[in-house]
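First the structure, in the form of structure tokens, and then the observations on it.
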Number of protein chains: 2
Amino acid sequence: MTVDITTLTSRQACVEADNADELAHLKTRFVIPDGTIYLDGNSLGVMPVSAPERAREVIEQEWGRDLIASWNTHHWFDLPVRIGEKIANLVGGSRGACVATDTTSVNLFKALGAAIDIQRQDSPERRVIISERENFPTDLYMVEGLIEFLDRGYELRLVDDRAGLESALDDEVAVVLLTEVNYRTGRLWNMAEVTQAAHGAGALIIWDLCHSVGAVPIRLDDAGADFAVGCTYKYLNGGPGAPAFLWVAERHLARARQPLSGWWSHSKPFDMAVGFDPAGDARKFLTGTQPIISLATMEVGVDLALSVDQEALRNKSLNLTSLLIQLVADRIPHHPLTLVTPREHSERGSHVSFSHPDGYAVTQALIAQGVIGDYREPGLIRLGVTPMYLGYADIWDAVEKLRLVLDEELWRAPEFQVRGAVT
Amino acid sequence: MTVDITTLTSRQACVEADNADELAHLKTRFVIPDGTIYLDGNSLGVMPVSAPERAREVIEQEWGRDLIASWNTHHWFDLPVRIGEKIANLVGGSRGACVATDTTSVNLFKALGAAIDIQRQDSPERRVIISERENFPTDLYMVEGLIEFLDRGYELRLVDDRAGLESALDDEVAVVLLTEVNYRTGRLWNMAEVTQAAHGAGALIIWDLCHSVGAVPIRLDDAGADFAVGCTYKYLNGGPGAPAFLWVAERHLARARQPLSGWWSHSKPFDMAVGFDPAGDARKFLTGTQPIISLATMEVGVDLALSVDQEALRNKSLNLTSLLIQLVADRIPHHPLTLVTPREHSERGSHVSFSHPDGYAVTQALIAQGVIGDYREPGLIRLGVTPMYLGYADIWDAVEKLRLVLDEELWRAPEFQVRGAVT
């Protein structure tokens with residue numbers, strides 16, 4: 001559907017855009033609490049309507065009634081690969097191998113370990129890992145932990161932007177680790193071009209898809225990516241802390257060795273053999289026994305994402321984020337809100353962040369108004385736009401609430417000044 | 001309760017022993033499928049009656065209704081530490097620090113990494129890791145993966161028994177890794193003595209408690225253990241693949257560094273700071289975001305275990321496994337069943353294994369009779385005895401079914417010869 005955002009200058013116009021939206025029906029597949037405009041699906045996605053029933057089945061029938069037999073009869077053993085294959089299709093990586101397992105951080109360690117292992121064989125002099133200073137911290141922390149543990153002079157080199165990346169790419173670089181959409185600014189890397197640049201310099205590249213999968217079309221195969229990791233509890237609506245995924249390009253699969261070589265990555269785990277022999281397929285990136293209730297429930301969200309055309313979803317996502325940017329500019333011009341998200345479509349993910357001198361208090365006051373966004377240091381009001389369950393009128397209403405919070409200075413209330421743990 | 005096992009020579013005597021058992025009521029807290037005698041709680045524990053309700057609450061209310069706020073309002077962030085503290089109390093480790101997180105395999109990597117890091121500082125020449133040849137394979141595989149990744153001449157030295165261990169303990173040994181109860185034979189190590197022997201040789205020791213926690217009283221503090229890991233889906237009835245745990249002695253806590261340093265192990269994760277700074281407490285052994293549905297549901301099983309006196313439970317466990325051994329000897333003497341589990345109480349965990357030339361088929365035929373045990377290579381019929389939900393008459397009935405399977409040669413049926421995946 002083509003929507004001219006500039007015509008959406010009233011709530012009624014937004015309602016009409018919703019009425020014409022072929023994706024609007026998707027909202028009925030999710031539970032949105034009454035009175036809430038949920039702009040935090042980039043942190044924790046909402047619950048699919050059918051998730052509780054799937055969880056109940058896994059818990060009461062598969063665990064409670066069928067017990068140990070469920071590993072085979074209900075295919076628990078196959079879940080990481082079965083769901084992994086679905087995710088591979090979703091991220092344009094069907095020519096690679098993918099497993100749904102563990103956490104993003106742990107999968108990052110495996111991917112980093114495998115990439116470093118390849119480079120140690122091919123180019124042992126390459127001991128630099130490049131990442132972005134503004135990357136989500138766990139990515140950097142995992143690199144630091146790995147470097148310290150290896151204790152072989154590896155080094156983390158941080159860059160600030162595309163130009164910095166390109167000038168940092170020299171013959172010392174082993175691995176580039178980037179998050180496709182930045183968790184704070186929403187800036188989107190050009191995966192194909194950056195992958196090509198990394199390869200041109202002889203480096204391997206790992207893409208963290210946490211803030212893009214399910215909201216931005218991804219083409220890992222076409223981009224020539226080497227490895228990818230990502231989570232399933234944001235735009236994939238898999239449930240709190242649901243297992244993450246790891247993808248590896250087909251060309252690396254036979255050779256790749258990852259350090260967390262537990263029994264689930266063995267070629268024949270039930271031979272209980274002495275001596276590790278890795279599986280030849282995606283299972284080589286597994287480690288231990290997976291949390292089946294969380295894993296099986298997560299599949300519901302993945303199936304919903306797969307049921308939607310990713311390009312249509314991207315179109316709607318851009319419409320909604322563009323509308324949000326435009327409405328804030330037009331209707332809240334007299335407050336110190338600074339857009340930190342790129343205006344260029346090709347550089348924007350699916351969330352929009354504004355800085356404000358009192359960003360924390362403003363975010364809390366907005367939440368009290370039923371508009372659930374979140375706060376990120378320093379000073380950022382972060383508004384996630386999940387195109388599967390948000391509409392044009394939702395964006396209108398959210399901006400009006402933000403206007404109210406700022407015009408009426410509701411954020412100055414003492415209860416909004418107190419810092420608590422934030423997510 | 002004191003039970004003279006030798007008097008239990010009839011089903012009626014077993015029923016009377018159940019009637020006199022102060023722990024018999026615990027069975028009502030669990031769902032045991034009709035017509036089933038479940039002797040596989042050492043692989044996957046049964047479902048607590050209250051687990052589905054807890055899961056429903058987490059899914060429908062905490063995720064579905066309260067969404068992102070639940071990280072704080074429903075204390076999702078605190079679950080690994082809160083449940084970890086409960087497990088620490090259960091394993092006699094309240095003077096150490098414990099987190100419920102990730103898988104046993106991943107936690108083993110963290111514990112191994114931390115132990116090796118300590119030794120690298122104190123005794124860098126120590127590069128041998130000792131384990132037992134018959135250890136559960138993932139323990140050995142994880143050591144292999146770590147050694148290969150480090151690539152610094154570390155070596156895995158395998159021993160077969162206590163004598164072999166003691167003679168292998170020399171000044172090259174950095175770490176000893178043992179599973180307290182062997183997954184096949186049910187043999188129980190003497191934790192206090194072996195820990196003392198390891199320390200006497202200058203080694204650190206990691207105990208894998210997977211096959212003991214919840215069925216064997218454990219005293220990590222008293223034994224002077226350095227690290228421990230274990231799972232929660234066996235005798236703790238936490239649910240399929242529920243998150244595991246990692247414990248570290250207080251004396252190592254300040255110094256310990258583990259390689260999987262994700263954001264959950266940072267001192268201030270929500271500062272989103274560049275530069276890793278580890279938490280000073282148990283959280284330093286966390287890595288990434290945890291699968292909340294599986295984790296929260298698991299707590300129900302931990303709470304049930306904590307409600308029971310571990311010594312009384314151990315007494316009942318020994319009574320039941322002794323009865324099983326005695327009844328097989330008395331009532332099935334003319335079949336080639338060989339007990340591989342130690343008869344000595346001090347050397348026995350809570351499962352009993354018999355080898356049989358056709359162990360696989362016998363196990364399958366027994367399962368078809370409603371007695372759910374499992375098979376382990378080579379030739380072992382493995383019968384797990386969870387004292388929380390099994391009674392004396394259950395053991396009688398199970399042995400009678402085994403006698404039927406063998407006397408009637410039911411195991412010769414073609415359908416029991418076909419090998420499938422086994423758990």
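Scheme for the structure tokens: letters A, B, ... for chains in order shown; per-chain residue numbers from 1; ligand numbers from 1 in order shown.
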
*Any chance you could list, as a PyMOL selection string, the residues in region 207-327 of chain A that come up strand (DSSP E) when DSSP is run on the backbone?*
chain A and resi 207-208+227-230+245-248

*Could you check which of A:Arg82, A:His252, A:Arg184, A:Lys284 is closest to Ser265 (chain A), using only C-alpha atoms?*
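Looking at the shortest contact to Ser265 (chain A), the residue is A:Lys284.
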
As an mmCIF file with N, CA and C atoms, in the first residue's frame, which residues of region 237-383 of chain B does DSSP assign to helix (DSSP H, G or I)?
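This went into out.cif:
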data_model
loop_
_atom_site.group_PDB
_atom_site.id
_atom_site.type_symbol
_atom_site.label_atom_id
_atom_site.label_comp_id
_atom_site.auth_asym_id
_atom_site.auth_seq_id
_atom_site.Cartn_x
_atom_site.Cartn_y
_atom_site.Cartn_z
ATOM 1 N N GLU B 250 33.028 -18.851 48.028
ATOM 2 C CA GLU B 250 33.185 -17.435 48.383
ATOM 3 C C GLU B 250 34.634 -16.965 48.213
ATOM 4 N N ARG B 251 35.584 -17.844 48.534
ATOM 5 C CA ARG B 251 36.991 -17.405 48.494
ATOM 6 C C ARG B 251 37.481 -17.093 47.087
ATOM 7 N N HIS B 252 36.766 -17.605 46.076
ATOM 8 C CA HIS B 252 37.180 -17.315 44.690
ATOM 9 C C HIS B 252 36.388 -16.168 44.058
ATOM 10 N N LEU B 253 35.324 -15.744 44.738
ATOM 11 C CA LEU B 253 34.357 -14.868 44.068
ATOM 12 C C LEU B 253 34.979 -13.554 43.596
ATOM 13 N N TRP B 263 26.488 -8.852 29.061
ATOM 14 C CA TRP B 263 26.028 -7.680 29.816
ATOM 15 C C TRP B 263 25.375 -8.033 31.141
ATOM 16 N N TRP B 264 24.836 -9.223 31.270
ATOM 17 C CA TRP B 264 24.232 -9.580 32.555
ATOM 18 C C TRP B 264 25.294 -9.785 33.633
ATOM 19 N N SER B 265 26.544 -9.862 33.259
ATOM 20 C CA SER B 265 27.610 -10.032 34.255
ATOM 21 C C SER B 265 28.315 -8.709 34.546
ATOM 22 N N PRO B 269 24.736 -3.054 34.286
ATOM 23 C CA PRO B 269 24.371 -3.375 32.898
ATOM 24 C C PRO B 269 23.618 -2.260 32.192
ATOM 25 N N PHE B 270 22.834 -1.464 32.927
ATOM 26 C CA PHE B 270 22.017 -0.467 32.248
ATOM 27 C C PHE B 270 22.685 0.885 32.083
ATOM 28 N N ASP B 271 23.936 0.960 32.504
ATOM 29 C CA ASP B 271 24.703 2.136 32.124
ATOM 30 C C ASP B 271 25.102 2.040 30.652
ATOM 31 N N ALA B 282 27.509 -12.782 42.605
ATOM 32 C CA ALA B 282 27.222 -13.965 41.794
ATOM 33 C C ALA B 282 26.935 -13.621 40.339
ATOM 34 N N ARG B 283 26.414 -12.413 40.110
ATOM 35 C CA ARG B 283 26.030 -12.035 38.752
ATOM 36 C C ARG B 283 27.199 -12.054 37.773
ATOM 37 N N LYS B 284 28.410 -12.054 38.276
ATOM 38 C CA LYS B 284 29.550 -12.087 37.365
ATOM 39 C C LYS B 284 29.591 -13.387 36.560
ATOM 40 N N PHE B 285 28.824 -14.385 36.975
ATOM 41 C CA PHE B 285 28.772 -15.646 36.218
ATOM 42 C C PHE B 285 27.567 -15.727 35.282
ATOM 43 N N ILE B 292 12.872 -16.571 30.399
ATOM 44 C CA ILE B 292 12.124 -16.321 31.637
ATOM 45 C C ILE B 292 11.023 -17.359 31.878
ATOM 46 N N ILE B 293 10.331 -17.789 30.834
ATOM 47 C CA ILE B 293 9.223 -18.726 31.076
ATOM 48 C C ILE B 293 9.770 -20.028 31.663
ATOM 49 N N SER B 294 10.809 -20.568 31.054
ATOM 50 C CA SER B 294 11.411 -21.801 31.565
ATOM 51 C C SER B 294 12.035 -21.581 32.944
ATOM 52 N N LEU B 295 12.673 -20.434 33.115
ATOM 53 C CA LEU B 295 13.371 -20.155 34.375
ATOM 54 C C LEU B 295 12.384 -20.013 35.536
ATOM 55 N N ALA B 296 11.334 -19.234 35.328
ATOM 56 C CA ALA B 296 10.368 -18.995 36.413
ATOM 57 C C ALA B 296 9.604 -20.272 36.754
ATOM 58 N N THR B 297 9.279 -21.065 35.740
ATOM 59 C CA THR B 297 8.561 -22.313 35.982
ATOM 60 C C THR B 297 9.425 -23.286 36.777
ATOM 61 N N MET B 298 10.704 -23.273 36.484
ATOM 62 C CA MET B 298 11.648 -24.153 37.182
ATOM 63 C C MET B 298 11.674 -23.905 38.678
ATOM 64 N N GLU B 299 11.454 -22.654 39.091
ATOM 65 C CA GLU B 299 11.531 -22.324 40.520
ATOM 66 C C GLU B 299 10.549 -23.156 41.350
ATOM 67 N N VAL B 300 9.432 -23.535 40.755
ATOM 68 C CA VAL B 300 8.443 -24.358 41.469
ATOM 69 C C VAL B 300 9.085 -25.660 41.945
ATOM 70 N N GLY B 301 9.858 -26.284 41.070
ATOM 71 C CA GLY B 301 10.517 -27.536 41.430
ATOM 72 C C GLY B 301 11.576 -27.339 42.508
ATOM 73 N N VAL B 302 12.308 -26.249 42.411
ATOM 74 C CA VAL B 302 13.335 -25.950 43.417
ATOM 75 C C VAL B 302 12.688 -25.726 44.774
ATOM 76 N N ASP B 303 11.579 -24.989 44.782
ATOM 77 C CA ASP B 303 10.881 -24.745 46.052
ATOM 78 C C ASP B 303 10.406 -26.054 46.678
ATOM 79 N N LEU B 304 9.911 -26.972 45.872
ATOM 80 C CA LEU B 304 9.465 -28.262 46.395
ATOM 81 C C LEU B 304 10.640 -29.018 47.017
ATOM 82 N N ALA B 305 11.778 -29.001 46.336
ATOM 83 C CA ALA B 305 12.950 -29.702 46.879
ATOM 84 C C ALA B 305 13.376 -29.085 48.205
ATOM 85 N N LEU B 306 13.309 -27.758 48.271
ATOM 86 C CA LEU B 306 13.726 -27.069 49.505
ATOM 87 C C LEU B 306 12.788 -27.350 50.669
ATOM 88 N N GLN B 310 16.632 -32.997 53.365
ATOM 89 C CA GLN B 310 17.444 -33.754 52.407
ATOM 90 C C GLN B 310 17.962 -35.071 52.997
ATOM 91 N N GLU B 311 18.159 -35.115 54.300
ATOM 92 C CA GLU B 311 18.634 -36.365 54.915
ATOM 93 C C GLU B 311 17.519 -37.409 54.928
ATOM 94 N N ALA B 312 16.290 -36.965 55.227
ATOM 95 C CA ALA B 312 15.163 -37.903 55.203
ATOM 96 C C ALA B 312 14.949 -38.430 53.783
ATOM 97 N N LEU B 313 15.129 -37.544 52.834
ATOM 98 C CA LEU B 313 14.961 -37.925 51.436
ATOM 99 C C LEU B 313 16.042 -38.935 51.029
ATOM 100 N N ARG B 314 17.250 -38.687 51.477
ATOM 101 C CA ARG B 314 18.359 -39.591 51.172
ATOM 102 C C ARG B 314 18.097 -40.967 51.783
ATOM 103 N N ASN B 315 17.584 -40.969 53.003
ATOM 104 C CA ASN B 315 17.275 -42.236 53.668
ATOM 105 C C ASN B 315 16.259 -43.030 52.850
ATOM 106 N N LYS B 316 15.222 -42.338 52.374
ATOM 107 C CA LYS B 316 14.212 -43.025 51.569
ATOM 108 C C LYS B 316 14.797 -43.473 50.231
ATOM 109 N N SER B 317 15.607 -42.629 49.628
ATOM 110 C CA SER B 317 16.237 -42.998 48.353
ATOM 111 C C SER B 317 17.045 -44.275 48.500
ATOM 112 N N LEU B 318 17.824 -44.360 49.569
ATOM 113 C CA LEU B 318 18.640 -45.564 49.771
ATOM 114 C C LEU B 318 17.756 -46.777 50.050
ATOM 115 N N ASN B 319 16.686 -46.572 50.795
ATOM 116 C CA ASN B 319 15.755 -47.683 51.029
ATOM 117 C C ASN B 319 15.194 -48.208 49.704
ATOM 118 N N LEU B 320 14.786 -47.261 48.841
ATOM 119 C CA LEU B 320 14.146 -47.669 47.588
ATOM 120 C C LEU B 320 15.144 -48.330 46.635
ATOM 121 N N THR B 321 16.335 -47.768 46.520
ATOM 122 C CA THR B 321 17.311 -48.386 45.612
ATOM 123 C C THR B 321 17.793 -49.726 46.179
ATOM 124 N N SER B 322 17.903 -49.822 47.503
ATOM 125 C CA SER B 322 18.280 -51.114 48.109
ATOM 126 C C SER B 322 17.194 -52.151 47.851
ATOM 127 N N LEU B 323 15.944 -51.721 47.985
ATOM 128 C CA LEU B 323 14.834 -52.633 47.723
ATOM 129 C C LEU B 323 14.852 -53.099 46.273
ATOM 130 N N LEU B 324 15.095 -52.190 45.373
ATOM 131 C CA LEU B 324 15.153 -52.540 43.955
ATOM 132 C C LEU B 324 16.247 -53.581 43.695
ATOM 133 N N ILE B 325 17.406 -53.355 44.256
ATOM 134 C CA ILE B 325 18.528 -54.292 44.078
ATOM 135 C C ILE B 325 18.180 -55.660 44.672
ATOM 136 N N GLN B 326 17.578 -55.635 45.867
ATOM 137 C CA GLN B 326 17.248 -56.889 46.562
ATOM 138 C C GLN B 326 16.167 -57.680 45.827
ATOM 139 N N LEU B 327 15.130 -56.971 45.358
ATOM 140 C CA LEU B 327 14.020 -57.667 44.695
ATOM 141 C C LEU B 327 14.463 -58.274 43.366
ATOM 142 N N VAL B 328 15.314 -57.554 42.638
ATOM 143 C CA VAL B 328 15.812 -58.117 41.382
ATOM 144 C C VAL B 328 16.628 -59.374 41.672
ATOM 145 N N ALA B 329 17.455 -59.315 42.698
ATOM 146 C CA ALA B 329 18.275 -60.487 43.046
ATOM 147 C C ALA B 329 17.397 -61.665 43.489
ATOM 148 N N ASP B 330 16.373 -61.356 44.274
ATOM 149 C CA ASP B 330 15.547 -62.428 44.831
ATOM 150 C C ASP B 330 14.540 -62.985 43.835
ATOM 151 N N ARG B 331 13.942 -62.128 43.025
ATOM 152 C CA ARG B 331 12.796 -62.529 42.232
ATOM 153 C C ARG B 331 13.120 -62.739 40.750
ATOM 154 N N HIS B 345 26.111 -48.136 50.455
ATOM 155 C CA HIS B 345 25.325 -46.902 50.500
ATOM 156 C C HIS B 345 26.178 -45.667 50.209
ATOM 157 N N SER B 346 27.362 -45.640 50.756
ATOM 158 C CA SER B 346 28.198 -44.446 50.623
ATOM 159 C C SER B 346 28.700 -44.248 49.197
ATOM 160 N N GLU B 347 28.482 -45.239 48.347
ATOM 161 C CA GLU B 347 28.978 -45.141 46.967
ATOM 162 C C GLU B 347 27.851 -45.116 45.941
ATOM 163 N N GLY B 359 19.909 -55.310 26.585
ATOM 164 C CA GLY B 359 19.439 -54.218 27.437
ATOM 165 C C GLY B 359 18.513 -53.245 26.722
ATOM 166 N N TYR B 360 18.822 -52.958 25.454
ATOM 167 C CA TYR B 360 17.982 -51.994 24.737
ATOM 168 C C TYR B 360 16.552 -52.519 24.605
ATOM 169 N N ALA B 361 16.418 -53.753 24.110
ATOM 170 C CA ALA B 361 15.080 -54.328 23.891
ATOM 171 C C ALA B 361 14.343 -54.521 25.217
ATOM 172 N N VAL B 362 15.059 -54.939 26.238
ATOM 173 C CA VAL B 362 14.418 -55.123 27.541
ATOM 174 C C VAL B 362 13.855 -53.793 28.048
ATOM 175 N N THR B 363 14.633 -52.726 27.898
ATOM 176 C CA THR B 363 14.167 -51.403 28.339
ATOM 177 C C THR B 363 12.904 -50.996 27.579
ATOM 178 N N GLN B 364 12.915 -51.224 26.269
ATOM 179 C CA GLN B 364 11.742 -50.846 25.473
ATOM 180 C C GLN B 364 10.513 -51.654 25.887
ATOM 181 N N ALA B 365 10.691 -52.939 26.129
ATOM 182 C CA ALA B 365 9.567 -53.786 26.540
ATOM 183 C C ALA B 365 9.048 -53.374 27.915
ATOM 184 N N LEU B 366 9.967 -52.970 28.778
ATOM 185 C CA LEU B 366 9.574 -52.512 30.115
ATOM 186 C C LEU B 366 8.758 -51.217 30.007
ATOM 187 N N ILE B 367 9.189 -50.327 29.133
ATOM 188 C CA ILE B 367 8.448 -49.072 28.926
ATOM 189 C C ILE B 367 7.046 -49.380 28.415
ATOM 190 N N ALA B 368 6.944 -50.365 27.527
ATOM 191 C CA ALA B 368 5.620 -50.740 26.999
ATOM 192 C C ALA B 368 4.711 -51.271 28.113
#

*Which one is closest to chain B: A:Cys14, A:Cys210, A:Met388, A:Val106? Count only C-alpha atoms.*
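Of A:Cys14, A:Cys210, A:Met388, A:Val106, the one nearest chain B is A:Val106, counting only C-alpha atoms.
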
*region 332-335 of chain B environment, 9 Å, only C-alpha atoms, sequence neighbours closer than 3 positions dropped, as a list in words*: Leu327, Val328, Ala329, Thr338, His356, Val399, Glu400, Leu402, Arg403, Leu406 and Asp407 of chain B

*Quick one: everything within 9 Å of Leu158 (chain A), counting only C-alpha atoms, minus sequence neighbours fewer than 2 positions away in the same chain. Send it as a ChimeraX atom specification.*
/A:129-134,156,160,164-165,168

Written selection (N, CA and C atoms) as an mmCIF file, in the first residue's frame:
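Contents of result.cif, freshly written:
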data_model
loop_
_atom_site.group_PDB
_atom_site.id
_atom_site.type_symbol
_atom_site.label_atom_id
_atom_site.label_comp_id
_atom_site.auth_asym_id
_atom_site.auth_seq_id
_atom_site.Cartn_x
_atom_site.Cartn_y
_atom_site.Cartn_z
ATOM 1 N N ILE A 129 39.835 -7.300 16.123
ATOM 2 C CA ILE A 129 38.388 -7.431 15.955
ATOM 3 C C ILE A 129 37.824 -6.021 15.946
ATOM 4 N N ILE A 130 37.130 -5.694 14.875
ATOM 5 C CA ILE A 130 36.536 -4.357 14.771
ATOM 6 C C ILE A 130 35.083 -4.414 15.198
ATOM 7 N N SER A 131 34.682 -3.427 15.972
ATOM 8 C CA SER A 131 33.256 -3.244 16.214
ATOM 9 C C SER A 131 32.978 -1.757 16.344
ATOM 10 N N GLU A 132 31.710 -1.419 16.585
ATOM 11 C CA GLU A 132 31.355 -0.008 16.672
ATOM 12 C C GLU A 132 31.263 0.389 18.141
ATOM 13 N N ARG A 133 31.771 1.559 18.444
ATOM 14 C CA ARG A 133 31.764 2.055 19.818
ATOM 15 C C ARG A 133 30.345 2.071 20.386
ATOM 16 N N GLU A 134 29.381 2.351 19.536
ATOM 17 C CA GLU A 134 27.992 2.456 19.979
ATOM 18 C C GLU A 134 27.245 1.133 19.876
ATOM 19 N N LEU A 156 40.551 -5.254 20.411
ATOM 20 C CA LEU A 156 39.258 -4.739 19.950
ATOM 21 C C LEU A 156 39.451 -3.309 19.466
ATOM 22 N N ASP A 160 33.453 4.550 14.769
ATOM 23 C CA ASP A 160 32.247 5.325 15.049
ATOM 24 C C ASP A 160 31.247 5.334 13.911
ATOM 25 N N GLY A 164 34.871 5.575 9.408
ATOM 26 C CA GLY A 164 35.839 5.054 10.372
ATOM 27 C C GLY A 164 36.082 3.573 10.174
ATOM 28 N N LEU A 165 35.012 2.862 9.860
ATOM 29 C CA LEU A 165 35.150 1.430 9.609
ATOM 30 C C LEU A 165 36.073 1.185 8.417
ATOM 31 N N ALA A 168 39.596 1.714 9.121
ATOM 32 C CA ALA A 168 40.161 0.778 10.110
ATOM 33 C C ALA A 168 40.399 -0.603 9.525
#

*asked:* For a quick check of understanding, using only C-alpha atoms, which of A:Ala13, A:Val81, A:Ala88, A:Leu260 has the smallest distance to chain B?
replied: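 Among A:Ala13, A:Val81, A:Ala88, A:Leu260, it is A:Leu260 that comes nearest to chain B.
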
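Counting only C-alpha atoms, Arg219 (chain B) has the following residues at most 8 Å away, ignoring those fewer than 2 positions along the same chain: Val91, Gly92, Gly93, Pro217, Asp221, Asp222 and Ala223 of chain B.
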
Mind dumping the selected residues with N, CA and C atoms as a PDB file, in the first residue's frame?
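What ended up in part_13.pdb:
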ATOM      1  N   VAL B  91      22.292 -27.130  48.171  1.00  0.00           N
ATOM      2  CA  VAL B  91      23.515 -27.908  47.990  1.00  0.00           C
ATOM      3  C   VAL B  91      24.574 -27.556  49.035  1.00  0.00           C
ATOM      4  N   GLY B  92      24.123 -27.021  50.157  1.00  0.00           N
ATOM      5  CA  GLY B  92      25.050 -26.739  51.242  1.00  0.00           C
ATOM      6  C   GLY B  92      26.122 -25.751  50.850  1.00  0.00           C
ATOM      7  N   GLY B  93      25.728 -24.769  50.042  1.00  0.00           N
ATOM      8  CA  GLY B  93      26.708 -23.822  49.547  1.00  0.00           C
ATOM      9  C   GLY B  93      26.339 -22.384  49.837  1.00  0.00           C
ATOM     10  N   PRO B 217      22.182 -35.596  49.547  1.00  0.00           N
ATOM     11  CA  PRO B 217      22.565 -34.377  50.282  1.00  0.00           C
ATOM     12  C   PRO B 217      23.969 -33.944  49.866  1.00  0.00           C
ATOM     13  N   ASP B 221      30.041 -26.261  50.837  1.00  0.00           N
ATOM     14  CA  ASP B 221      30.877 -25.469  51.745  1.00  0.00           C
ATOM     15  C   ASP B 221      31.744 -26.387  52.602  1.00  0.00           C
ATOM     16  N   ASP B 222      31.115 -27.364  53.219  1.00  0.00           N
ATOM     17  CA  ASP B 222      31.857 -28.252  54.120  1.00  0.00           C
ATOM     18  C   ASP B 222      32.943 -29.023  53.377  1.00  0.00           C
ATOM     19  N   ALA B 223      32.647 -29.410  52.146  1.00  0.00           N
ATOM     20  CA  ALA B 223      33.619 -30.183  51.381  1.00  0.00           C
ATOM     21  C   ALA B 223      34.775 -29.304  50.891  1.00  0.00           C
TER      22      ALA B 223
END

*Nearest to chain B, chosen from A:Arg382, A:Arg187, A:Lys268, A:His211, with only C-alpha atoms counted in the distances*: A:Lys268

*Tyr235 (chain A): which residues within 8 Å, counting only C-alpha atoms, same-chain residues fewer than 3 positions away excluded, as a PyMOL selection string?*
chain A and resi 41-42+44-45+211-215+232+386

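The coordinates place CA of Glu85 (chain B) at 27.9 Å from CA of Ala174 (chain B).
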